[in-house]
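Take a look at the structure set out below.
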Amino acid sequence: MNINIEKENGITLMKIEGRLDTTTAPELEKAINNEGDALKSLTLDFKGVDYISSAGLRVLLSAQKKMNVQGYMELIGVSEAVMDVFEMTGFADILVIK
């Protein structure tokens, strides 16, 4: 998995490519946590994500809880396959997906 981080006008954009699973989920968690308490607006670009496991879902839930306190989080570019997982698990109701 690759994570490309861009910051502009107070928005942190993380472009994620590859599989978000047990092996790679800690990388995303670390990238989000490294942004610290100053993180106010987080956009996760899932255009390059073709698979997400329960470990990936756990990281997204943790990030959403953090951002509910600190600011705003949204996901963009979610593929149909990943969206199916979000819908089956109820995450489509928890996350802001555009």
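Chain lettering (A, B, ...) mirrors the order of the structure tokens, residue numbering begins at 1 for each chain separately, and ligand numbering begins at 1 in order of display.
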Extract, using only C-alpha atoms, all DNA, RNA and protein residues at most 6 Å from Ser53 of chain A, discarding same-chain residues fewer than 2 positions from it, and format them as a PyMOL selection string. chain A and resi 21+55-56
Keeping only C-alpha atoms, write the selected residues to a file as a compact mmCIF listing (two decimals), in the first residue's frame.
# COMPACT_ATOMS: atom_id res chain seq x y z
CA ASP A 21 -5.76 -5.09 5.22
CA ALA A 55 -8.46 -4.23 10.12
CA GLY A 56 -8.89 -1.40 7.61
Expected answer as an NGL selection string: alpha helix (DSSP H) residues in chain A: :A and (25-34 or 54-70 or 80-89 or 91-94)
Resulting file, chosen residues, N, CA and C atoms, as a short mmCIF file (atom, residue, chain, number, x, y, z; two decimals), in the first residue's frame:
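Below you can see result_22.cif, which holds the result:
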data_model
loop_
_atom_site.label_atom_id
_atom_site.label_comp_id
_atom_site.auth_asym_id
_atom_site.auth_seq_id
_atom_site.Cartn_x
_atom_site.Cartn_y
_atom_site.Cartn_z
N ALA A 25 -2.96 -1.86 7.30
CA ALA A 25 -3.78 -0.94 8.12
C ALA A 25 -2.95 -0.15 9.13
N PRO A 26 -1.95 -0.76 9.78
CA PRO A 26 -1.14 0.02 10.73
C PRO A 26 -0.42 1.21 10.07
N GLU A 27 -0.09 1.09 8.79
CA GLU A 27 0.56 2.21 8.07
C GLU A 27 -0.38 3.40 7.99
N LEU A 28 -1.65 3.16 7.65
CA LEU A 28 -2.62 4.24 7.56
C LEU A 28 -2.88 4.84 8.94
N GLU A 29 -3.00 3.98 9.94
CA GLU A 29 -3.22 4.45 11.30
C GLU A 29 -2.07 5.36 11.75
N LYS A 30 -0.85 4.96 11.46
CA LYS A 30 0.32 5.75 11.82
C LYS A 30 0.32 7.08 11.08
N ALA A 31 -0.01 7.06 9.78
CA ALA A 31 -0.03 8.29 8.99
C ALA A 31 -1.05 9.28 9.55
N ILE A 32 -2.22 8.79 9.94
CA ILE A 32 -3.25 9.67 10.50
C ILE A 32 -2.81 10.20 11.86
N ASN A 33 -2.29 9.31 12.70
CA ASN A 33 -1.86 9.73 14.04
C ASN A 33 -0.68 10.69 14.00
N ASN A 34 0.18 10.57 12.99
CA ASN A 34 1.32 11.46 12.85
C ASN A 34 0.90 12.90 12.56
N SER A 54 -11.36 -6.12 7.76
CA SER A 54 -11.85 -5.62 9.05
C SER A 54 -10.80 -4.76 9.75
N ALA A 55 -9.53 -5.05 9.52
CA ALA A 55 -8.46 -4.23 10.12
C ALA A 55 -8.50 -2.81 9.53
N GLY A 56 -8.75 -2.71 8.26
CA GLY A 56 -8.89 -1.40 7.61
C GLY A 56 -10.11 -0.66 8.12
N LEU A 57 -11.21 -1.40 8.31
CA LEU A 57 -12.42 -0.79 8.84
C LEU A 57 -12.19 -0.25 10.25
N ARG A 58 -11.43 -0.99 11.05
CA ARG A 58 -11.13 -0.56 12.40
C ARG A 58 -10.37 0.77 12.40
N VAL A 59 -9.40 0.90 11.49
CA VAL A 59 -8.63 2.15 11.38
C VAL A 59 -9.54 3.30 10.98
N LEU A 60 -10.45 3.06 10.03
CA LEU A 60 -11.37 4.11 9.61
C LEU A 60 -12.31 4.52 10.74
N LEU A 61 -12.78 3.56 11.51
CA LEU A 61 -13.66 3.87 12.64
C LEU A 61 -12.93 4.70 13.68
N SER A 62 -11.70 4.33 13.97
CA SER A 62 -10.88 5.07 14.93
C SER A 62 -10.63 6.50 14.43
N ALA A 63 -10.31 6.61 13.14
CA ALA A 63 -10.06 7.94 12.56
C ALA A 63 -11.33 8.79 12.59
N GLN A 64 -12.47 8.19 12.29
CA GLN A 64 -13.73 8.93 12.31
C GLN A 64 -14.05 9.44 13.70
N LYS A 65 -13.84 8.60 14.72
CA LYS A 65 -14.06 9.02 16.11
C LYS A 65 -13.16 10.19 16.47
N LYS A 66 -11.89 10.10 16.07
CA LYS A 66 -10.93 11.17 16.34
C LYS A 66 -11.37 12.47 15.65
N MET A 67 -11.78 12.35 14.39
CA MET A 67 -12.13 13.55 13.64
C MET A 67 -13.48 14.11 14.06
N ASN A 68 -14.35 13.31 14.65
CA ASN A 68 -15.60 13.85 15.19
C ASN A 68 -15.31 14.85 16.29
N VAL A 69 -14.20 14.68 17.00
CA VAL A 69 -13.80 15.58 18.07
C VAL A 69 -12.99 16.75 17.51
N GLN A 70 -12.09 16.46 16.58
CA GLN A 70 -11.12 17.45 16.09
C GLN A 70 -11.58 18.25 14.88
N GLU A 80 -16.75 0.54 -6.20
CA GLU A 80 -17.98 -0.20 -5.95
C GLU A 80 -17.75 -1.36 -4.99
N ALA A 81 -16.63 -2.07 -5.16
CA ALA A 81 -16.32 -3.22 -4.30
C ALA A 81 -16.14 -2.79 -2.84
N VAL A 82 -15.42 -1.70 -2.63
CA VAL A 82 -15.21 -1.21 -1.26
C VAL A 82 -16.51 -0.63 -0.70
N MET A 83 -17.28 0.03 -1.54
CA MET A 83 -18.57 0.57 -1.10
C MET A 83 -19.50 -0.55 -0.66
N ASP A 84 -19.45 -1.68 -1.35
CA ASP A 84 -20.26 -2.84 -0.94
C ASP A 84 -19.91 -3.28 0.48
N VAL A 85 -18.61 -3.28 0.80
CA VAL A 85 -18.17 -3.65 2.15
C VAL A 85 -18.71 -2.63 3.16
N PHE A 86 -18.61 -1.34 2.83
CA PHE A 86 -19.12 -0.29 3.72
C PHE A 86 -20.62 -0.47 3.96
N GLU A 87 -21.35 -0.79 2.91
CA GLU A 87 -22.80 -0.94 3.05
C GLU A 87 -23.16 -2.19 3.86
N MET A 88 -22.46 -3.29 3.62
CA MET A 88 -22.75 -4.54 4.35
C MET A 88 -22.42 -4.44 5.83
N THR A 89 -21.42 -3.64 6.16
CA THR A 89 -20.98 -3.53 7.56
C THR A 89 -21.61 -2.36 8.30
N PHE A 91 -20.88 0.74 7.71
CA PHE A 91 -19.95 1.86 7.70
C PHE A 91 -20.42 2.98 6.77
N ALA A 92 -21.26 2.66 5.81
CA ALA A 92 -21.79 3.69 4.91
C ALA A 92 -22.63 4.70 5.67
N ASP A 93 -23.15 4.28 6.82
CA ASP A 93 -23.96 5.18 7.65
C ASP A 93 -23.11 5.98 8.64
N ILE A 94 -21.89 5.53 8.87
CA ILE A 94 -20.99 6.16 9.84
C ILE A 94 -20.07 7.16 9.18
#
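The space separating atom CA of Gly71 of chain A from atom CA of Met1 of chain A comes to 25.8 Å.
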Identify which of the residues A:Ile5, A:Val49, A:Ile76, A:Ala38 lies closest to Glu17 of chain A, counting only C-alpha atoms when measuring atom-to-atom distances. A:Val49
